[in-house]
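Asks: My structure file input_11.tsv, TSV, C-alpha atoms, is below:
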chain	number	residue	atom	x	y	z
N	1	MET	CA	0.00	0.00	0.00
N	2	GLU	CA	1.39	3.42	-0.95
N	3	PRO	CA	2.24	5.71	1.98
N	4	ASN	CA	0.39	9.00	2.26
N	5	SER	CA	2.84	11.59	0.97
N	6	GLU	CA	0.63	14.50	2.07
N	7	ILE	CA	1.36	13.86	5.76
N	8	THR	CA	4.59	15.75	6.35
N	9	LYS	CA	6.48	17.01	9.37
N	10	GLU	CA	6.37	20.52	7.86
N	11	LYS	CA	2.57	20.37	7.79
N	12	TYR	CA	1.84	18.75	11.15
N	13	GLY	CA	5.08	18.80	13.15
N	14	VAL	CA	4.97	14.98	13.22
N	15	ASP	CA	5.14	12.39	10.47
N	16	ILE	CA	5.68	8.66	10.09
N	17	SER	CA	9.46	9.06	10.38
N	18	SER	CA	9.27	10.82	13.76
N	19	ILE	CA	6.81	8.16	14.97
N	20	ARG	CA	9.10	5.34	13.85
N	21	GLU	CA	12.03	7.10	15.55
N	22	ALA	CA	9.95	7.26	18.72
N	23	GLN	CA	9.20	3.55	18.43
N	24	VAL	CA	12.91	2.75	18.42
N	25	ARG	CA	13.64	5.21	21.25
N	26	ILE	CA	11.01	3.91	23.66
N	27	ASP	CA	11.24	0.22	22.78
N	28	PRO	CA	13.54	-0.66	25.74
N	29	TYR	CA	11.10	0.86	28.24
N	30	ILE	CA	7.48	0.30	27.18
N	31	HIS	CA	5.22	-2.73	27.09
N	32	LYS	CA	4.08	-3.89	23.66
N	33	THR	CA	0.46	-4.14	24.73
N	34	PRO	CA	-1.78	-7.04	23.69
N	35	VAL	CA	-4.85	-6.97	21.49
N	36	PHE	CA	-7.95	-8.65	22.93
N	37	THR	CA	-11.03	-9.87	21.11
N	38	SER	CA	-14.45	-11.00	22.29
N	39	GLY	CA	-17.03	-13.00	20.37
N	40	SER	CA	-19.76	-11.61	22.63
N	41	LEU	CA	-18.79	-8.00	21.93
N	42	ASN	CA	-18.46	-8.77	18.23
N	43	ASP	CA	-22.04	-10.04	18.29
N	44	MET	CA	-23.27	-6.99	20.20
N	45	SER	CA	-21.60	-4.58	17.79
N	46	ARG	CA	-22.14	-6.67	14.64
N	47	ARG	CA	-18.48	-5.97	13.85
N	48	LYS	CA	-15.13	-7.57	14.54
N	49	LEU	CA	-13.53	-5.56	17.35
N	50	PHE	CA	-9.86	-5.54	18.27
N	51	PHE	CA	-9.07	-3.95	21.63
N	52	LYS	CA	-5.58	-2.42	21.92
N	53	CYS	CA	-5.06	-2.75	25.68
N	54	GLU	CA	-3.07	0.33	26.67
N	55	CYS	CA	-4.55	-0.15	30.14
N	56	PHE	CA	-1.70	-2.68	30.49
N	57	GLN	CA	0.95	-0.10	29.58
N	58	LYS	CA	3.48	0.91	32.24
N	59	GLY	CA	1.87	3.52	34.43
N	60	GLY	CA	-1.53	2.10	33.48
N	61	ALA	CA	-2.11	4.19	30.35
N	62	PHE	CA	-0.89	5.04	26.85
N	63	LYS	CA	0.59	8.28	28.19
N	64	PHE	CA	3.84	6.52	29.08
N	65	ARG	CA	4.70	6.22	25.39
N	66	GLY	CA	4.70	9.95	24.75
N	67	ALA	CA	6.27	10.81	28.10
N	68	CYS	CA	9.04	8.29	27.56
N	69	ASN	CA	9.75	9.62	24.07
N	70	ALA	CA	9.86	13.18	25.37
N	71	ILE	CA	12.11	12.40	28.35
N	72	PHE	CA	14.62	10.38	26.35
N	73	SER	CA	14.66	13.00	23.56
N	74	LEU	CA	16.13	15.62	25.92
N	75	ASN	CA	19.81	16.42	25.80
N	76	LYS	CA	21.82	16.19	29.03
N	77	ASP	CA	21.67	19.91	29.84
N	78	GLN	CA	17.91	19.94	29.47
N	79	ALA	CA	17.41	16.74	31.42
N	80	ASP	CA	19.67	17.64	34.35
N	81	LYS	CA	17.32	20.40	35.49
N	82	GLY	CA	14.34	18.07	35.44
N	83	VAL	CA	10.98	18.31	33.75
N	84	VAL	CA	7.69	19.92	34.65
N	85	THR	CA	4.14	19.42	33.49
N	86	HIS	CA	0.56	20.04	34.52
N	87	SER	CA	-1.87	17.16	34.42
N	88	SER	CA	-4.89	15.85	36.28
N	89	GLY	CA	-4.02	12.25	35.77
N	90	ASN	CA	-2.29	9.77	33.54
N	91	HIS	CA	0.28	12.08	31.93
N	92	ALA	CA	1.39	13.14	35.40
N	93	ALA	CA	2.17	9.57	36.43
N	94	ALA	CA	3.68	8.71	33.05
N	95	LEU	CA	6.07	11.65	33.14
N	96	ALA	CA	7.07	10.88	36.72
N	97	LEU	CA	7.82	7.26	35.79
N	98	ALA	CA	9.78	8.16	32.66
N	99	ALA	CA	11.79	10.78	34.59
N	100	ASP	CA	12.49	8.24	37.32
N	101	LEU	CA	13.86	5.84	34.70
N	102	ARG	CA	16.26	8.57	33.55
N	103	ASP	CA	16.95	9.55	37.17
N	104	ILE	CA	15.94	13.19	36.80
N	105	PRO	CA	13.41	15.26	38.80
N	106	ALA	CA	9.79	15.53	37.69
N	107	TYR	CA	7.69	18.44	38.98
N	108	VAL	CA	4.02	17.73	38.47
N	109	VAL	CA	1.34	20.39	38.86
N	110	ILE	CA	-1.93	18.68	39.73
N	111	PRO	CA	-5.34	20.30	40.34
N	112	ASN	CA	-6.50	19.73	43.89
N	113	ASN	CA	-9.60	17.82	42.75
N	114	ALA	CA	-7.74	15.13	40.78
N	115	PRO	CA	-8.68	11.47	41.42
N	116	ASN	CA	-6.75	10.12	44.39
N	117	CYS	CA	-5.67	6.99	42.50
N	118	LYS	CA	-3.86	9.16	39.94
N	119	ILE	CA	-2.21	11.27	42.64
N	120	GLN	CA	-0.97	8.08	44.30
N	121	ASN	CA	0.53	6.95	40.98
N	122	VAL	CA	2.62	10.13	40.78
N	123	ILE	CA	3.83	9.60	44.34
N	124	ARG	CA	4.62	5.95	43.57
N	125	TYR	CA	6.86	7.04	40.70
N	126	SER	CA	8.73	9.66	42.79
N	127	GLY	CA	7.14	12.71	41.15
N	128	GLN	CA	7.19	15.96	43.13
N	129	ILE	CA	3.58	17.17	43.36
N	130	ILE	CA	2.60	20.84	43.42
N	131	TYR	CA	-1.13	21.43	43.76
N	132	SER	CA	-3.05	24.08	41.84
N	133	GLN	CA	-6.65	25.19	41.71
N	134	PRO	CA	-8.82	23.15	39.30
N	135	THR	CA	-8.68	25.69	36.48
N	136	LEU	CA	-6.45	25.75	33.42
N	137	GLN	CA	-5.25	29.25	34.31
N	138	SER	CA	-4.13	28.11	37.77
N	139	ARG	CA	-2.43	25.04	36.32
N	140	GLU	CA	-0.52	27.11	33.78
N	141	THR	CA	0.53	29.91	36.15
N	142	THR	CA	1.69	27.38	38.75
N	143	THR	CA	3.66	25.54	36.08
N	144	ALA	CA	5.28	28.79	34.92
N	145	ARG	CA	6.35	29.53	38.50
N	146	ILE	CA	7.94	26.10	38.90
N	147	MET	CA	9.79	26.53	35.60
N	148	GLN	CA	11.17	29.87	36.78
N	149	GLU	CA	12.20	28.51	40.16
N	150	THR	CA	13.81	25.27	38.97
N	151	GLY	CA	14.74	25.75	35.31
N	152	ALA	CA	12.84	22.53	34.60
N	153	PHE	CA	11.96	21.73	30.99
N	154	LEU	CA	8.25	21.91	30.16
N	155	ILE	CA	6.65	18.81	28.65
N	156	HIS	CA	3.06	19.59	27.76
N	157	PRO	CA	0.54	16.77	28.24
N	158	TYR	CA	-0.43	16.66	24.56
N	159	ASN	CA	0.58	19.76	22.59
N	160	ASP	CA	4.15	18.58	21.99
N	161	VAL	CA	5.55	16.86	18.89
N	162	ARG	CA	7.51	14.34	20.99
N	163	ILE	CA	4.36	13.40	22.89
N	164	ILE	CA	2.33	13.03	19.70
N	165	SER	CA	5.07	10.94	18.07
N	166	GLY	CA	5.22	8.63	21.08
N	167	GLN	CA	1.48	8.11	21.12
N	168	GLY	CA	1.53	7.30	17.41
N	169	THR	CA	3.50	4.13	18.14
N	170	ILE	CA	0.20	2.58	19.26
N	171	ALA	CA	-1.00	2.57	15.66
N	172	LEU	CA	2.27	1.08	14.40
N	173	GLU	CA	1.88	-1.81	16.85
N	174	LEU	CA	-1.83	-2.32	16.26
N	175	LEU	CA	-1.49	-2.46	12.48
N	176	GLU	CA	1.34	-4.99	12.85
N	177	GLN	CA	-0.68	-7.12	15.28
N	178	VAL	CA	-3.96	-7.19	13.33
N	179	GLN	CA	-4.26	-7.33	9.57
N	180	GLU	CA	-6.79	-5.38	7.51
N	181	ILE	CA	-8.17	-3.07	10.17
N	182	ASP	CA	-10.40	-0.59	8.35
N	183	THR	CA	-11.30	1.72	11.25
N	184	ILE	CA	-9.69	2.84	14.52
N	185	ILE	CA	-11.74	4.44	17.29
N	186	VAL	CA	-9.77	6.58	19.72
N	187	PRO	CA	-10.74	8.62	22.80
N	188	ILE	CA	-10.23	12.35	22.30
N	189	SER	CA	-9.39	15.08	24.79
N	190	GLY	CA	-6.39	17.32	24.10
N	191	GLY	CA	-5.79	15.32	20.95
N	192	GLY	CA	-2.27	13.97	21.47
N	193	LEU	CA	-3.35	10.33	21.26
N	194	ILE	CA	-5.64	10.60	18.26
N	195	SER	CA	-3.20	12.88	16.43
N	196	GLY	CA	-0.39	10.35	16.73
N	197	VAL	CA	-2.66	7.44	15.81
N	198	ALA	CA	-4.15	9.28	12.82
N	199	LEU	CA	-0.78	10.43	11.49
N	200	ALA	CA	0.72	6.94	11.77
N	201	ALA	CA	-2.29	4.97	10.53
N	202	LYS	CA	-3.11	7.22	7.57
N	203	SER	CA	0.54	7.35	6.54
N	204	ILE	CA	0.48	3.55	6.31
N	205	ASN	CA	-3.06	3.22	4.93
N	206	PRO	CA	-4.61	6.46	3.63
N	207	SER	CA	-8.07	4.85	3.36
N	208	ILE	CA	-8.29	3.80	7.02
N	209	ARG	CA	-11.00	5.58	9.01
N	210	ILE	CA	-10.09	7.37	12.23
N	211	LEU	CA	-13.02	8.10	14.53
N	212	ALA	CA	-12.87	10.06	17.78
N	213	ALA	CA	-14.98	9.10	20.78
N	214	GLU	CA	-15.99	11.97	23.07
N	215	PRO	CA	-18.35	12.49	26.05
N	216	CYS	CA	-21.40	14.67	25.41
N	217	GLY	CA	-20.45	16.61	28.52
N	218	ALA	CA	-17.05	17.53	27.05
N	219	ASN	CA	-17.86	17.75	23.35
N	220	ASP	CA	-15.44	20.49	22.31
N	221	ALA	CA	-13.84	18.34	19.57
N	222	ALA	CA	-17.21	17.69	17.93
N	223	LEU	CA	-18.05	21.39	18.13
N	224	SER	CA	-14.61	22.31	16.77
N	225	LYS	CA	-14.99	19.97	13.80
N	226	ALA	CA	-18.41	21.48	13.06
N	227	ALA	CA	-17.13	25.06	13.37
N	228	GLY	CA	-13.85	24.54	11.52
N	229	GLU	CA	-11.92	26.11	14.38
N	230	ILE	CA	-11.03	25.32	17.99
N	231	VAL	CA	-14.02	25.68	20.31
N	232	LYS	CA	-13.35	25.74	24.06
N	233	LEU	CA	-16.05	24.92	26.57
N	234	PRO	CA	-16.54	27.10	29.67
N	235	GLU	CA	-16.97	23.92	31.71
N	236	THR	CA	-17.17	20.15	31.28
N	237	ASN	CA	-19.28	17.54	33.03
N	238	THR	CA	-18.44	13.89	32.51
N	239	ILE	CA	-17.41	10.79	34.41
N	240	ALA	CA	-14.56	10.45	31.90
N	241	ASP	CA	-12.11	12.60	33.88
N	242	GLY	CA	-9.32	12.03	31.36
N	243	LEU	CA	-11.31	13.59	28.50
N	244	ARG	CA	-11.86	17.14	29.72
N	245	ALA	CA	-9.00	19.00	28.00
N	246	SER	CA	-9.25	21.20	24.91
N	247	LEU	CA	-7.49	20.71	21.58
N	248	GLY	CA	-4.11	22.38	21.13
N	249	SER	CA	-2.39	24.24	18.30
N	250	LEU	CA	-0.51	21.11	17.20
N	251	THR	CA	-3.33	18.61	17.62
N	252	TRP	CA	-6.19	20.61	16.10
N	253	PRO	CA	-4.85	20.60	12.49
N	254	VAL	CA	-4.54	16.81	12.62
N	255	VAL	CA	-8.04	16.42	14.06
N	256	ARG	CA	-9.40	18.87	11.49
N	257	ASP	CA	-7.78	17.14	8.50
N	258	LEU	CA	-7.38	13.46	9.38
N	259	VAL	CA	-10.09	12.51	11.88
N	260	ASP	CA	-13.10	11.38	9.87
N	261	ALA	CA	-15.74	12.05	12.52
N	262	VAL	CA	-16.36	12.57	16.23
N	263	ILE	CA	-18.88	10.29	17.93
N	264	THR	CA	-20.32	11.70	21.15
N	265	VAL	CA	-21.80	9.45	23.82
N	266	GLU	CA	-23.63	10.00	27.08
N	267	ASP	CA	-22.04	9.18	30.42
N	268	GLN	CA	-24.48	6.31	30.96
N	269	GLU	CA	-23.25	4.73	27.73
N	270	ILE	CA	-19.67	5.11	28.98
N	271	VAL	CA	-20.56	3.46	32.29
N	272	GLU	CA	-22.23	0.55	30.49
N	273	ALA	CA	-19.19	0.10	28.24
N	274	THR	CA	-16.91	0.15	31.28
N	275	LYS	CA	-19.01	-2.61	32.86
N	276	LEU	CA	-18.75	-4.66	29.66
N	277	CYS	CA	-14.97	-4.34	29.73
N	278	TYR	CA	-15.01	-5.73	33.26
N	279	GLU	CA	-17.64	-8.42	32.75
N	280	VAL	CA	-16.82	-9.62	29.23
N	281	LEU	CA	-13.21	-8.68	28.45
N	282	LYS	CA	-12.18	-9.12	32.11
N	283	VAL	CA	-10.11	-5.96	31.84
N	284	VAL	CA	-9.87	-3.03	34.27
N	285	VAL	CA	-10.50	0.11	32.21
N	286	GLU	CA	-11.25	3.63	33.36
N	287	PRO	CA	-14.32	5.32	31.86
N	288	SER	CA	-12.14	7.48	29.60
N	289	GLY	CA	-10.57	4.30	28.25
N	290	ALA	CA	-13.86	2.51	27.64
N	291	ILE	CA	-15.42	5.28	25.56
N	292	GLY	CA	-14.35	3.71	22.25
N	293	LEU	CA	-16.49	0.68	23.00
N	294	ALA	CA	-19.34	2.98	24.02
N	295	ALA	CA	-19.02	4.74	20.67
N	296	VAL	CA	-19.13	1.59	18.54
N	297	LEU	CA	-22.19	0.33	20.44
N	298	SER	CA	-23.99	3.68	20.24
N	299	ASP	CA	-27.03	4.25	18.05
N	300	SER	CA	-25.25	7.13	16.33
N	301	PHE	CA	-22.61	4.70	15.07
N	302	GLN	CA	-24.74	1.60	14.56
N	303	ASN	CA	-27.43	3.43	12.58
N	304	ASN	CA	-25.13	5.66	10.52
N	305	PRO	CA	-24.78	4.40	6.93
N	306	ALA	CA	-21.43	6.21	6.69
N	307	TRP	CA	-19.88	3.45	8.82
N	308	LYS	CA	-21.55	0.42	7.22
N	309	ASP	CA	-18.17	-0.62	5.78
N	310	SER	CA	-16.40	-0.33	9.14
N	311	ASN	CA	-16.21	-4.04	9.88
N	312	ARG	CA	-12.76	-4.62	11.40
N	313	ILE	CA	-12.39	-1.99	14.07
N	314	GLY	CA	-9.45	-1.28	16.34
N	315	ILE	CA	-10.47	0.27	19.66
N	316	VAL	CA	-7.87	1.87	21.91
N	317	LEU	CA	-8.51	1.07	25.58
N	318	SER	CA	-6.44	4.04	26.63
N	319	GLY	CA	-6.06	3.56	30.38
N	320	GLY	CA	-6.94	1.64	33.50
N	321	ASN	CA	-6.35	4.13	36.32
N	322	LEU	CA	-9.66	4.83	37.96
N	323	ASP	CA	-11.27	5.76	41.23
N	324	LEU	CA	-13.22	2.58	41.96
N	325	GLY	CA	-15.48	4.36	44.44
N	326	ALA	CA	-16.68	6.82	41.79
N	327	LEU	CA	-17.29	3.99	39.33
N	328	TRP	CA	-19.29	1.94	41.81
N	329	ASP	CA	-21.37	5.00	42.70
N	330	SER	CA	-22.13	5.60	39.00
N	331	ILE	CA	-23.19	1.99	38.53
N	332	ARG	CA	-25.46	2.02	41.58
N	333	GLY	CA	-26.99	5.33	40.52
N	334	PRO	CA	-28.59	7.96	42.79
Could you render the structure from this file as structure tokens?

Replies:
Amino acid sequence: MEPNSEITKEKYGVDISSIREAQVRIDPYIHKTPVFTSGSLNDMSRRKLFFKCECFQKGGAFKFRGACNAIFSLNKDQADKGVVTHSSGNHAAALALAADLRDIPAYVVIPNNAPNCKIQNVIRYSGQIIYSQPTLQSRETTTARIMQETGAFLIHPYNDVRIISGQGTIALELLEQVQEIDTIIVPISGGGLISGVALAAKSINPSIRILAAEPCGANDAALSKAAGEIVKLPETNTIADGLRASLGSLTWPVVRDLVDAVITVEDQEIVEATKLCYEVLKVVVEPSGAIGLAAVLSDSFQNNPAWKDSNRIGIVLSGGNLDLGALWDSIRGP
């Protein structure tokens, strides 16, 4: 199959060569995650589904790929002063773990309402936590202060070419593990994951479909695609705590050009998909990670003739770090 020559580093900041370089760089450190299948879920969806289990990645989420690529891309002078980021969850832990592997400091700005399980992951991986208020402005100003005080190198959770390149290695693995996938469904938040996956997959197979899965309560990507420009929401409301960020300057052009559609689902659909991952796949997945299954089971996907030829579908289960108490409460209901 001819590679897509229109996907260039000059156009998007990332291309297949930078993703393949990332694959080589991070290979000694990451898990090559398995692909699971389920006859029951195939029957429910009336498709063949292939679950790329990034919930089994080091740190419990795909974020370790990008963080690892970013950390090990730094030269010695940059690395010696440590790294800093702001994150409410999986990127925070991933960066702390990658920094610990390189034996450099990681300063992690975390909003004070972040899930406790994700805070504990940062502590487990020796990250130095600095709390902020739960607003983007507070996160960014606190991060700027830490950079000034320490000289640490900023690694943004998603709007960074090294992060995007690292996340794109998921698609390289998936397309090696499973032949003739025609569609990949990916959770979307800031867009680092889906940008890397789209750039890699469409470079290899230009006809492959890339679909984003997004909560209705944080539907900025769907609104952005409809408007043709980045739309930011004044607030978000979803159980999928990892999917509340807005698209960035590097991720938006990829989402605009290479993501075929955004499928939005209600929180109850996400909860039901999370239960199915537990009960049928026997896999611990956080709600943000189960949203791809929710999307493929949704009426908006099942009844849309545009996707009638999507028969072999890769679904990225993006993470397994969750607050079990919150999940149980959502299942029990009010």

Asks: I'd like the interatomic distance between CA of Asn121 in chain N and CA of Ser195 in chain N, to a tenth of an Å.

Replies: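 Here the two named atoms are 25.5 Å from each other.
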
Asks: Fewer than 4 positions away in the same chain doesn't count, so skip those; otherwise give me all residues within 10 Å of Asp160 in chain N, counting all atoms listed in the file, as a PyMOL selection string.

Replies: chain N and resi 13-14+66+70+154-156+164-165+192+248-251

Asks: One decimal, in Å: what's the spacing between CA of His86 in chain N and CA of Val316 in chain N?

Replies: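 Atom-to-atom, CA of His86 in chain N to CA of Val316 in chain N, that is 23.7 Å.
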
Asks: Quick one: everything within 9 Å of Pro215 in chain N, counting all atoms listed in the file, minus sequence neighbours fewer than 3 positions away in the same chain. Send it as a VMD selection string.

Replies: chain N and resid 188 218 to 219 237 to 240 243 to 244 263 to 267 270 288 291

Asks: Please determine, counting all atoms listed in the file, which residue among N:Gln268, N:Ser300, N:Val161, N:Glu173 has the shortest atom-to-atom distance to Glu10 in chain N.

Replies: N:Val161

Asks: Compile the contact shell of range 197-209 of chain N as a PyMOL selection string: residues with an atom at most 9 Å away, counting all atoms listed in the file, same-chain residues fewer than 4 positions apart removed.

Replies: chain N and resi 1-7+12+14-16+19-20+164-165+167-172+175+181-186+192-193+254-255+258-261+310

Asks: So, with all atoms listed in the file as the atoms that count, which of N:Leu322, N:Glu214, N:Ser73, N:Gln137 lies closest to Ile119 in chain N?

Replies: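 Result for the nearest residue to Ile119 in chain N: N:Leu322.
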